[in-house]
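Scroll down for the structure; my scribbles are underneath it.
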Amino acid sequence: MSIHSTPANPETLIFLAWATRAGLQKDMIEVQKERRNHGSAKPERVLRARITYSQPPVFEVDSVYGPVYQALFNYRLDRVEFDLIDWVLRGSYGVYLRDADVEECASTTPETGLLWKSITQNENLLFRIKRIGREWNGEVRKAANALRLHFTYQTPLLMRTPESSFLFQEFIKMSLEQVNWMELATHVLEVPYQPEPAFQIEEKMDDEEAMQIALMREMLWRGYVDFGEFSQCPLFAESTRELCLELADHCRNMHQEICKLEKKSTDSSSASP
Amino acid sequence: MPTYNYSTNPETLLLLAWCSTLDLPALLQKDQQARPHKYPERADLDGWLPAFPEDMLSEQIMEALSCFQDGFYDPVFLNLVKYRLQFVDVEEVAGAIGLNDLTKPWHGLFYSDHTFENYTVEKQRAKGPANETAAFLEAVSEHTALQERLMSQTSNGSVCQSACAMQAFFAVYPRLRRTCQDAPFFVREFLFMSLARVNWHVIAAHLLCMEPPPCTCTGHHQQYDPTVQVALFEALLNNIGGDLQQVAKLLPDQHRDTALFLSNLCDNTAHTCTSM
């Protein structure tokens, strides 16, 4: 039985849960043996390598949004207490949950500052985000809600594949939940920030329409990819493959049409006085 | 700081990790308002704090399982997740939660692949199915339509082929369903853990009303078995068609027609597959 117990933050516990599922206890025992013999192996390096290289490249496929989500993910990963993971996996320490840490920062939350910095580092992304801001004619709360929906639904689709771990989704979700969308909206709209009450449920539902359109756009893209793959499956009869191809084409065309409609409505709202 | 530490399993650690994503202070406040008798004023004992209420965690867990309500295979999925929950002593999880000035953690937890099963877990396991295969069969036996659907996936009376086909199907199908994708991560992980341990030969033999014969499997999933591919494709079409129909209800006219058109196309294609 272990002797010591210590508090652990949510990031550490989520990483620990993933590490037990990934069977990393054996890896940590090996690292410990190496350290006794050579003294060079480090648990943090091994654990970081496991999460980086054992998973599909979820961030690299999208050059615009990928770096944003990677920054949000890495922020949470940097809060993991890797030594503690090592000790708990090897049974040297017990852990219990403690409250999440609250950090002091120039922005109201570190995640807000991180997100804004990531946006400003990509001209293409900054242009798109500014466009969202213009859609709401300076209304900070509406722009904030639109930004919240935008980044929630742009979360990389690859994180929902069988090969991708729950760690990615959970860490990014945690980071997005900490973003002060009001403050982000004031950066986008270039107006002074004044603290406001958090979104009410009714406000979040006001943009149900925008959310549903974003959802449909995502679904259409997924449909295009999935049906496209099935259309190449040699085991299906030709008639089935043709049906799949037709569905894939329809999904792609609809996706393009929706993007055009959205662009048109954005351009017309930004052109109006 | 707690003085005791208990070895525990991946299931318990997953649940504790999931608890860290909940608004625990709000849940505690709710319990304090609903059951004030559990929180006597203990001003005479410096530093006394209650443990996190186990009931609140159990409620949250039951709510998380409500994602398995509408899908055809949901009875099986629910049973498989509940089977994994048998390995978790929720009071043990609650005792490992320490909120500043609100609750006191009673113990720490560490991972072991040879955990000691306490009395609560022993009792839970004694009441429930013996293993994952039994949990699967229990759900199938209670739902005739499900049994018939699974029997339609059995291949030519061969236990091994049917087992491989079902294994390949269930390896992919849960990831196609949006309710599974959106379920709390511990629910998804419990489901995949259980599915990985089901003895598909026993399931196949049961459906074919045979004794499990000596296994002739090559050890590879029959991922590209036409029956499996068609079943997965049909599932994908039904899921996407259903999702598009739900989304269409809230869309403006132009987008709604688009969504409904695609939804109907998916339904028609699914019917075509079934009739082939």
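Labels for the structure tokens follow display order: chains A, B, ..., residues from 1 in each chain, ligands from 1.
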
(Q) Give me, as a VMD selection string, all polymer residues having an atom no more than 7 Å from range 61-78 of chain B, counting only C-alpha atoms and skipping those fewer than 6 positions away in the same chain. (A) chain B and resid 136 139 to 140 146 179 183 to 184 191

Would you save the residues of that selection, restricted to N, CA, C and O atoms, as a JSON list (two decimals), in the first residue's frame?
```
[["chain", "number", "residue", "atom", "x", "y", "z"],
["B", 136, "PHE", "N", -24.34, -8.81, -22.13],
["B", 136, "PHE", "CA", -24.81, -8.66, -23.52],
["B", 136, "PHE", "C", -26.03, -9.54, -23.75],
["B", 136, "PHE", "O", -27.07, -9.10, -24.24],
["B", 139, "ALA", "N", -29.35, -8.46, -22.10],
["B", 139, "ALA", "CA", -30.07, -7.40, -22.83],
["B", 139, "ALA", "C", -30.75, -7.99, -24.06],
["B", 139, "ALA", "O", -31.90, -7.63, -24.38],
["B", 140, "VAL", "N", -30.06, -8.88, -24.75],
["B", 140, "VAL", "CA", -30.63, -9.47, -25.98],
["B", 140, "VAL", "C", -31.88, -10.28, -25.66],
["B", 140, "VAL", "O", -32.89, -10.21, -26.37],
["B", 146, "LEU", "N", -34.22, -6.98, -31.09],
["B", 146, "LEU", "CA", -32.75, -6.91, -31.07],
["B", 146, "LEU", "C", -32.16, -8.27, -31.39],
["B", 146, "LEU", "O", -31.21, -8.41, -32.17],
["B", 179, "THR", "N", -25.24, 9.89, -30.26],
["B", 179, "THR", "CA", -25.47, 9.84, -28.80],
["B", 179, "THR", "C", -24.26, 9.25, -28.10],
["B", 179, "THR", "O", -23.92, 9.66, -27.00],
["B", 183, "ALA", "N", -21.83, 11.33, -25.56],
["B", 183, "ALA", "CA", -21.97, 10.85, -24.17],
["B", 183, "ALA", "C", -20.74, 11.24, -23.36],
["B", 183, "ALA", "O", -19.66, 11.44, -23.93],
["B", 184, "PRO", "N", -20.87, 11.36, -22.04],
["B", 184, "PRO", "CA", -19.69, 11.64, -21.20],
["B", 184, "PRO", "C", -18.60, 10.61, -21.45],
["B", 184, "PRO", "O", -18.89, 9.44, -21.74],
["B", 191, "LEU", "N", -18.08, 1.54, -22.26],
["B", 191, "LEU", "CA", -18.69, 0.76, -23.32],
["B", 191, "LEU", "C", -17.62, 0.03, -24.13],
["B", 191, "LEU", "O", -17.72, -1.18, -24.38]]
```

Taking only range 9-218 of chain B into account, list the residues labelled strand (DSSP E) by DSSP (computed from the backbone), as a ChimeraX atom specification. /B:97-98,107-111

Problem set entry | Check: which chain A residues lie within 6 Å of chain B using only C-alpha atoms, as a ChimeraX atom specification | /A:5,10,13-14,17,20,88-89,91,94-99,209,212,235

Just-selected residues, C-alpha atoms written as a short mmCIF file (atom, residue, chain, number, x, y, z; two decimals), in the first residue's frame:
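Once written, out13.cif looks like this:
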```cif
data_model
loop_
_atom_site.label_atom_id
_atom_site.label_comp_id
_atom_site.auth_asym_id
_atom_site.auth_seq_id
_atom_site.Cartn_x
_atom_site.Cartn_y
_atom_site.Cartn_z
CA SER A 5 -1.52 10.92 -0.78
CA PRO A 10 -8.63 17.88 -12.96
CA LEU A 13 -6.84 13.10 -13.13
CA ILE A 14 -8.08 13.07 -16.72
CA ALA A 17 -7.52 8.01 -16.49
CA THR A 20 -4.51 3.66 -17.25
CA VAL A 88 0.24 6.92 -9.01
CA LEU A 89 0.67 4.45 -11.87
CA GLY A 91 1.49 2.76 -6.69
CA GLY A 94 -2.48 8.06 -3.91
CA VAL A 95 -4.39 11.03 -5.31
CA TYR A 96 -7.62 12.80 -4.56
CA LEU A 97 -9.39 15.50 -6.51
CA ARG A 98 -8.76 19.10 -5.58
CA ASP A 99 -10.39 22.24 -6.95
CA GLU A 209 -30.47 28.52 -35.65
CA GLN A 212 -28.04 24.07 -36.25
CA LEU A 235 -17.11 -5.42 -51.66
#
```

For this session: Give the helix (DSSP H, G or I) residues of range 72-227 of chain B, as DSSP finds them on the backbone, and put them as a PyMOL selection string.
Result: chain B and resi 74-85+90-94+119-127+132-141+144-152+159-176+178-182+185-197+200-207+226-227

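As for CA of Tyr119 in chain B and CA of Asn131 in chain B, they are spaced 18.2 Å apart.
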
Set the distance at 9 Å and use only C-alpha atoms: which residues neighbour Leu47 in chain A once local chain neighbours fewer than 2 positions away are removed? I'd like the list as an MDAnalysis selection string.
chainID A and resid 19 24 27:28 42:45 49:52 82 85:86
